[in-house]
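Participant: Structure file upload.txt (compact mmCIF, C-alpha atoms) is given on the next line.
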```
# COMPACT_ATOMS: atom_id res chain seq x y z
CA MET A 13 -15.10 36.02 7.78
CA SER A 14 -13.22 32.78 8.52
CA THR A 15 -10.00 32.08 6.62
CA ASP A 16 -10.17 28.36 7.41
CA ARG A 17 -9.82 26.11 4.40
CA SER A 18 -12.83 24.01 3.54
CA LEU A 19 -12.75 20.23 3.58
CA ARG A 20 -12.99 20.28 -0.21
CA GLU A 21 -9.87 22.41 -0.39
CA LEU A 22 -8.02 20.25 2.10
CA MET A 23 -8.76 17.03 0.20
CA SER A 24 -7.87 18.41 -3.23
CA LEU A 25 -4.85 16.81 -4.91
CA ASP A 26 -4.97 19.01 -8.02
CA GLU A 27 -1.60 19.27 -9.79
CA ARG A 28 0.05 16.71 -7.49
CA VAL A 29 1.67 13.52 -8.76
CA ALA A 30 1.17 10.18 -7.04
CA LEU A 31 3.43 7.20 -7.65
CA VAL A 32 1.57 3.99 -6.75
CA THR A 33 3.51 0.73 -6.74
CA GLY A 34 1.44 -2.39 -7.23
CA GLY A 35 -0.97 -0.04 -8.95
CA ALA A 36 -2.41 -2.76 -11.18
CA GLY A 37 -3.33 -4.93 -8.19
CA HIS A 38 -6.58 -5.05 -6.28
CA ILE A 39 -5.84 -2.50 -3.57
CA GLY A 40 -3.33 -0.44 -5.56
CA ARG A 41 -5.80 0.07 -8.40
CA VAL A 42 -8.51 1.33 -6.05
CA ILE A 43 -6.13 3.67 -4.22
CA ALA A 44 -4.87 5.07 -7.53
CA GLY A 45 -8.45 5.65 -8.63
CA GLY A 46 -9.29 7.48 -5.41
CA LEU A 47 -6.27 9.77 -5.71
CA ALA A 48 -7.11 10.46 -9.37
CA GLU A 49 -10.67 11.34 -8.36
CA LEU A 50 -9.21 14.01 -6.07
CA GLY A 51 -7.17 15.42 -8.95
CA ALA A 52 -3.76 13.73 -8.70
CA ASN A 53 -1.86 12.66 -11.79
CA ILE A 54 -1.01 8.99 -11.39
CA ALA A 55 2.13 6.98 -12.11
CA ILE A 56 1.12 3.31 -11.99
CA VAL A 57 4.09 1.04 -11.25
CA ASP A 58 3.83 -2.72 -11.58
CA MET A 59 5.38 -5.80 -13.13
CA PRO A 60 5.72 -5.79 -16.94
CA ALA A 61 3.18 -8.62 -17.29
CA SER A 62 0.54 -6.74 -15.28
CA ARG A 63 -2.43 -4.81 -16.65
CA GLY A 64 -0.93 -1.54 -15.50
CA SER A 65 -1.26 0.12 -18.90
CA ASP A 66 -4.99 -0.63 -18.95
CA VAL A 67 -5.39 0.74 -15.42
CA ALA A 68 -3.52 3.93 -16.31
CA ALA A 69 -5.57 4.42 -19.48
CA LYS A 70 -8.86 4.03 -17.61
CA LEU A 71 -7.83 6.56 -14.99
CA SER A 72 -7.35 9.24 -17.64
CA GLU A 73 -10.61 8.17 -19.24
CA TYR A 74 -12.62 8.51 -16.02
CA TRP A 75 -10.91 11.53 -14.49
CA PRO A 76 -9.31 14.71 -15.98
CA VAL A 77 -5.80 13.69 -14.95
CA LYS A 78 -2.61 12.47 -16.57
CA SER A 79 -1.56 8.89 -15.98
CA GLY A 80 1.11 6.48 -17.11
CA MET A 81 2.42 2.98 -16.55
CA PHE A 82 5.98 2.25 -15.43
CA ASP A 83 7.06 -1.38 -15.36
CA CYS A 84 9.42 -2.50 -12.63
CA ASP A 85 10.71 -5.72 -11.12
CA PHE A 86 10.73 -4.97 -7.39
CA GLU A 87 13.40 -7.59 -6.77
CA GLN A 88 15.85 -5.53 -8.85
CA SER A 89 17.23 -2.77 -6.65
CA ALA A 90 18.67 -0.74 -9.51
CA ALA A 91 15.32 -0.69 -11.30
CA VAL A 92 13.53 0.44 -8.12
CA GLN A 93 16.11 3.16 -7.50
CA ASP A 94 15.66 4.50 -11.03
CA LEU A 95 11.86 4.81 -10.78
CA PRO A 96 11.72 8.39 -9.45
CA ARG A 97 13.85 9.61 -12.37
CA ARG A 98 11.54 7.93 -14.87
CA VAL A 99 8.42 9.36 -13.22
CA ARG A 100 9.97 12.81 -12.94
CA GLU A 101 10.81 12.79 -16.65
CA LYS A 102 7.14 12.24 -17.52
CA PHE A 103 5.35 14.20 -14.79
CA GLY A 104 7.96 16.70 -13.58
CA ARG A 105 7.51 15.97 -9.87
CA ILE A 106 6.50 13.45 -7.20
CA ASP A 107 4.29 14.52 -4.30
CA ILE A 108 2.80 11.25 -3.09
CA LEU A 109 4.35 7.79 -2.89
CA VAL A 110 2.19 4.75 -2.14
CA ASN A 111 4.09 1.51 -1.51
CA CYS A 112 1.50 -1.16 -2.27
CA ALA A 113 3.50 -3.72 -4.27
CA ALA A 114 4.11 -6.90 -2.26
CA PHE A 115 4.30 -10.64 -2.14
CA VAL A 116 1.03 -11.44 -0.37
CA GLY A 117 -0.11 -14.40 1.68
CA THR A 118 -1.95 -16.11 -1.15
CA LEU A 119 0.84 -16.30 -3.72
CA GLY A 120 1.71 -19.79 -4.93
CA LEU A 121 5.44 -19.51 -4.26
CA LYS A 122 7.44 -22.57 -3.25
CA GLY A 123 8.09 -22.55 0.49
CA TRP A 124 5.64 -19.68 1.01
CA ALA A 125 2.07 -20.31 2.21
CA VAL A 126 2.90 -23.70 3.74
CA PRO A 127 3.39 -24.93 7.32
CA PHE A 128 6.19 -23.15 9.20
CA GLU A 129 8.61 -26.09 8.99
CA GLN A 130 8.29 -26.04 5.18
CA GLN A 131 8.75 -22.30 4.65
CA SER A 132 12.00 -21.64 2.80
CA ALA A 133 14.74 -19.12 3.51
CA SER A 134 15.05 -18.29 -0.19
CA THR A 135 11.38 -17.29 -0.41
CA TRP A 136 11.73 -15.38 2.87
CA ARG A 137 14.53 -13.33 1.29
CA ARG A 138 12.48 -12.66 -1.86
CA ALA A 139 9.51 -11.51 0.21
CA LEU A 140 11.58 -9.13 2.31
CA GLU A 141 13.22 -7.78 -0.84
CA VAL A 142 9.87 -6.88 -2.39
CA ASN A 143 7.84 -6.02 0.70
CA LEU A 144 10.42 -4.11 2.73
CA THR A 145 13.70 -3.46 0.93
CA ALA A 146 12.09 -2.12 -2.26
CA PRO A 147 10.01 0.48 -0.35
CA PHE A 148 13.15 1.57 1.53
CA ILE A 149 15.09 2.02 -1.72
CA LEU A 150 12.21 3.80 -3.45
CA ILE A 151 11.53 6.22 -0.61
CA GLN A 152 15.23 7.02 -0.38
CA ALA A 153 15.43 7.61 -4.14
CA ALA A 154 12.30 9.80 -4.13
CA ALA A 155 13.19 11.74 -0.96
CA GLU A 156 14.44 14.81 -2.80
CA ASP A 157 11.31 15.00 -4.97
CA LEU A 158 9.00 14.51 -1.97
CA SER A 159 10.82 17.17 0.02
CA ALA A 160 10.69 19.64 -2.87
CA SER A 161 6.92 19.13 -3.10
CA GLY A 162 6.27 20.95 0.14
CA ARG A 163 3.41 18.49 0.70
CA GLY A 164 5.28 15.22 0.35
CA SER A 165 3.41 12.20 1.64
CA VAL A 166 4.47 8.55 1.81
CA ILE A 167 1.85 5.86 2.43
CA ASN A 168 3.09 2.34 3.16
CA ILE A 169 0.53 -0.44 2.80
CA SER A 170 1.11 -2.89 5.63
CA SER A 171 -1.34 -5.48 7.04
CA ILE A 172 -3.06 -6.55 10.23
CA TYR A 173 -0.42 -9.28 10.28
CA GLY A 174 2.14 -6.53 10.70
CA LEU A 175 0.32 -5.62 13.91
CA SER A 176 -0.68 -9.00 15.34
CA GLY A 177 -0.01 -12.69 14.97
CA PRO A 178 -2.28 -15.04 13.02
CA ASP A 179 -5.17 -16.84 14.69
CA TRP A 180 -4.45 -20.33 13.40
CA ARG A 181 -7.94 -21.54 14.35
CA LEU A 182 -9.18 -19.75 11.22
CA TYR A 183 -6.91 -21.84 9.01
CA GLU A 184 -7.65 -25.31 10.40
CA GLY A 185 -8.89 -27.67 7.69
CA THR A 186 -8.27 -25.15 4.86
CA SER A 187 -5.62 -24.84 2.16
CA LEU A 188 -4.89 -21.23 3.11
CA GLY A 189 -1.58 -20.22 4.65
CA ASN A 190 0.05 -17.35 6.48
CA PRO A 191 3.79 -16.99 5.74
CA ALA A 192 6.15 -15.78 8.45
CA ALA A 193 7.93 -13.59 5.89
CA TYR A 194 4.71 -11.76 5.07
CA ALA A 195 4.10 -10.86 8.70
CA ALA A 196 7.74 -9.96 9.35
CA SER A 197 7.98 -7.73 6.29
CA LYS A 198 4.68 -5.98 7.02
CA GLY A 199 5.65 -5.43 10.65
CA GLY A 200 8.98 -4.07 9.49
CA LEU A 201 7.19 -1.70 7.15
CA ILE A 202 5.29 -0.18 10.06
CA GLN A 203 8.43 0.36 12.10
CA MET A 204 10.19 1.80 9.04
CA THR A 205 7.22 4.16 8.73
CA ARG A 206 7.84 5.47 12.25
CA TRP A 207 11.59 5.75 11.67
CA LEU A 208 11.14 7.63 8.41
CA ALA A 209 8.46 9.90 9.86
CA THR A 210 10.90 11.42 12.33
CA THR A 211 13.78 11.31 9.86
CA MET A 212 12.03 12.96 6.90
CA ALA A 213 10.13 15.54 8.95
CA PRO A 214 9.22 18.31 8.65
CA ARG A 215 9.14 18.33 4.84
CA VAL A 216 7.69 14.86 4.25
CA ARG A 217 4.99 12.95 6.13
CA VAL A 218 5.20 9.15 6.34
CA ASN A 219 2.25 6.98 7.40
CA ALA A 220 0.94 3.47 6.92
CA ILE A 221 -2.32 1.64 6.36
CA ALA A 222 -2.88 -1.85 7.75
CA PRO A 223 -5.72 -3.48 5.80
CA GLY A 224 -7.69 -6.36 7.21
CA GLY A 225 -8.39 -9.43 5.12
CA VAL A 226 -10.00 -8.52 1.80
CA PHE A 227 -12.78 -10.70 0.42
CA ARG A 228 -11.87 -12.23 -2.94
CA GLU A 229 -13.99 -15.35 -3.29
CA THR A 230 -12.67 -16.36 0.13
CA PRO A 231 -13.61 -20.00 0.79
CA GLU A 232 -15.43 -21.51 3.71
CA PRO A 233 -14.89 -22.24 6.53
CA PHE A 234 -12.24 -19.52 6.67
CA LEU A 235 -14.75 -16.83 5.63
CA SER A 236 -17.25 -17.54 8.40
CA ARG A 237 -14.51 -17.82 11.01
CA TYR A 238 -12.95 -14.53 9.91
CA VAL A 239 -16.29 -12.71 9.92
CA ALA A 240 -17.12 -14.07 13.38
CA ARG A 241 -13.80 -12.72 14.69
CA THR A 242 -14.31 -9.24 13.17
CA PRO A 243 -16.38 -6.63 15.11
CA LEU A 244 -17.89 -5.18 11.92
CA ALA A 245 -18.86 -8.73 10.88
CA ARG A 246 -17.46 -8.81 7.35
CA MET A 247 -14.21 -8.99 5.44
CA ALA A 248 -12.81 -5.84 3.88
CA ARG A 249 -13.50 -4.59 0.38
CA GLU A 250 -10.90 -2.80 -1.73
CA ASP A 251 -13.01 0.36 -1.55
CA ASP A 252 -12.55 0.40 2.22
CA MET A 253 -8.92 1.46 1.67
CA LYS A 254 -9.75 4.41 -0.56
CA GLY A 255 -10.75 6.86 2.17
CA ALA A 256 -7.74 6.17 4.37
CA ALA A 257 -5.38 6.66 1.44
CA ALA A 258 -7.12 9.89 0.39
CA TYR A 259 -6.85 11.18 3.95
CA LEU A 260 -3.14 10.40 4.29
CA ALA A 261 -2.26 11.70 0.82
CA SER A 262 -4.03 15.03 1.18
CA ASP A 263 -3.88 18.07 3.45
CA LEU A 264 -6.68 16.52 5.51
CA SER A 265 -3.82 14.84 7.38
CA ALA A 266 -1.34 17.73 7.21
CA TYR A 267 -0.50 17.32 10.92
CA VAL A 268 -0.34 13.51 10.87
CA THR A 269 2.87 11.53 10.51
CA GLY A 270 4.34 8.31 11.87
CA GLN A 271 0.93 6.67 12.20
CA CYS A 272 -0.54 3.35 11.10
CA ILE A 273 -4.28 3.31 10.41
CA ALA A 274 -5.77 -0.16 10.77
CA VAL A 275 -8.60 -0.48 8.24
CA ASP A 276 -9.64 -3.85 9.59
CA GLY A 277 -13.23 -3.73 10.78
CA GLY A 278 -11.98 -3.78 14.35
CA TRP A 279 -9.91 -6.97 13.99
CA THR A 280 -7.00 -5.58 16.04
CA ALA A 281 -9.29 -3.94 18.64
CA TRP A 282 -10.18 -7.14 20.52
```
Would you encode the structure as structure tokens?

Facilitator:
Amino acid sequence: MSTDRSLRELMSLDERVALVTGGAGHIGRVIAGGLAELGANIAIVDMPASRGSDVAAKLSEYWPVKSGMFDCDFEQSAAVQDLPRRVREKFGRIDILVNCAAFVGTLGLKGWAVPFEQQSASTWRRALEVNLTAPFILIQAAAEDLSASGRGSVINISSIYGLSGPDWRLYEGTSLGNPAAYAASKGGLIQMTRWLATTMAPRVRVNAIAPGGVFRETPEPFLSRYVARTPLARMAREDDMKGAAAYLASDLSAYVTGQCIAVDGGWTAW
């Protein structure tokens, strides 16, 4: 009789604890829900003004898991560094760390989603602090917990713009922008993923997901142009990220580290 573990066993996250930054946001909320569905207890981390408490409460309502909200300003290094201690005090351990919190391309920051010559150095620094420095600090602070898990997994949420440059033809005649700092920070996150994968091995696996553009009432003509440029002929949905996160968090990917999975409908395959 075979001793191989079944797929159900491999995907189970029972008794594990997942810390999800940006957990009240669109993608973070869906990833947290998927990990909870597989049995993980969830620590939602987001800004104090977010709906993180509501998200955490609903997770425990829908799934037989523990959940909690931890507020954090990701521009405050000391607060980020203290997160693992706070989560450990409530849950006792950290097995999975998902870095999803970020300044994204659609934020209305001054000097952000504007033409290149108008993008500001101060906003660049803020974006790198949140998108790249905060994940570095958090992973470093949680390294001991992740190593002690025996199944430690880090998942960094990057972007297709961390893999390729923008096609500016999509943006012509629209109010949408694509900040240099967003691309630079997301590209840096992928390279940090590779660096950490070899550094934290063999106790901790480190991988990344690069989502394609997610549809959120995306206006024309950008929408049609984006769809025409995408082999699967649509923009992403938040749910499209759930499977990749479940795979990387669980023992389904026990022999996978240092990789970036592009969940982009084939955008980067052209």

Participant: Just give me the gap between CA of Glu229 (chain A) and CA of Ser72 (chain A) in Å, one decimal is fine.

Facilitator: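 Going from CA of Glu229 (chain A) over to CA of Ser72 (chain A) covers 29.2 Å.
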
Participant: Work out where the centre of an axis-aligned box around every listed atom of region 228-244 of chain A lies and how long its edges are once 8 Å is added on each side; give both in Å to one decimal as JSON.

Facilitator:
```
{"center_x": -14.9, "center_y": -13.7, "center_z": 5.9, "size_x": 22.0, "size_y": 33.1, "size_z": 34.4}
```

Participant: Which residue is closest to Val77 (chain A)? Choose from A:Asp58, A:Glu27, A:Asp94, A:Asp263 and count all atoms listed in the file.

Facilitator: A:Glu27

Participant: Pick the closest to Ile149 (chain A) from A:Ile167, A:Leu19, A:Val92, A:Leu182: which is it, counting all atoms listed in the file?

Facilitator: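 With all atoms listed in the file as the atom set, the closest residue is A:Val92.
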
Participant: Kindly give the distance, in Å, that separates CA of Asp26 (chain A) and CA of Lys78 (chain A), rounded to a single decimal.

Facilitator: 11.0 Å

Participant: From the list A:Arg241, A:Arg215, A:Lys254, A:Arg17, which residue is nearest Asp179 (chain A) when using all atoms listed in the file?

Facilitator: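 Looking only at the distances to Asp179 (chain A), the closest residue turns out to be A:Arg241.
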
Participant: If you measure from CA of Gly164 (chain A) to CA of Arg105 (chain A), what distance in Å do you get, rounded to one decimal?

Facilitator: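 Separation between CA of Gly164 (chain A) and CA of Arg105 (chain A): 10.5 Å.
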
Participant: Identify which of the residues A:Gly174, A:Gly35, A:Gly199, A:Gly46 lies closest to Ala257 (chain A), counting only C-alpha atoms when measuring atom-to-atom distances.

Facilitator: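 Residue with the minimum atom-to-atom distance to Ala257 (chain A): A:Gly46.
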
Participant: Looking at A:Val99, A:Leu188, A:Ile106, A:Cys112, which one is nearest to Val42 (chain A), with distances taken over only C-alpha atoms?

Facilitator: A:Cys112

Participant: For Ile151 (chain A), find every residue with an atom within 12 Å (counting all atoms listed in the file), except residues of its own chain fewer than 6 positions away, and show them as a VMD selection string.

Facilitator: chain A and resid 31 to 33 92 to 96 106 to 111 144 to 145 157 to 159 164 to 168 201 204 to 205 208 to 209 211 to 212 216 to 218

Participant: Tell me, as JSON, numbers by chain, which residues lie within 12 Å of Ala192 (chain A), counting only C-alpha atoms; anything in the same chain fewer than 6 positions away does not count.

Facilitator: {"A": [115, 116, 117, 123, 124, 125, 126, 127, 128, 129, 130, 131, 132, 133, 135, 136, 137, 139, 140, 173, 174, 176, 177, 178, 198, 199]}

Participant: Could you list, as a list of chain:residue names, every residue within 8 Å of Ala220 (chain A), counting all atoms listed in the file and ignoring same-chain residues fewer than 6 positions away?

Facilitator: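 Selected residues are A:Ile167, A:Asn168, A:Ile169, A:Ser170, A:Ile202, A:Thr205, A:Gly270, A:Gln271, A:Cys272, A:Ile273.
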
Participant: Could you check which of A:Leu150, A:Leu235, A:Leu121, A:Val275 is closest to Ser134 (chain A), using only C-alpha atoms?

Facilitator: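 For Ser134 (chain A), the nearest of the given residues is A:Leu121.
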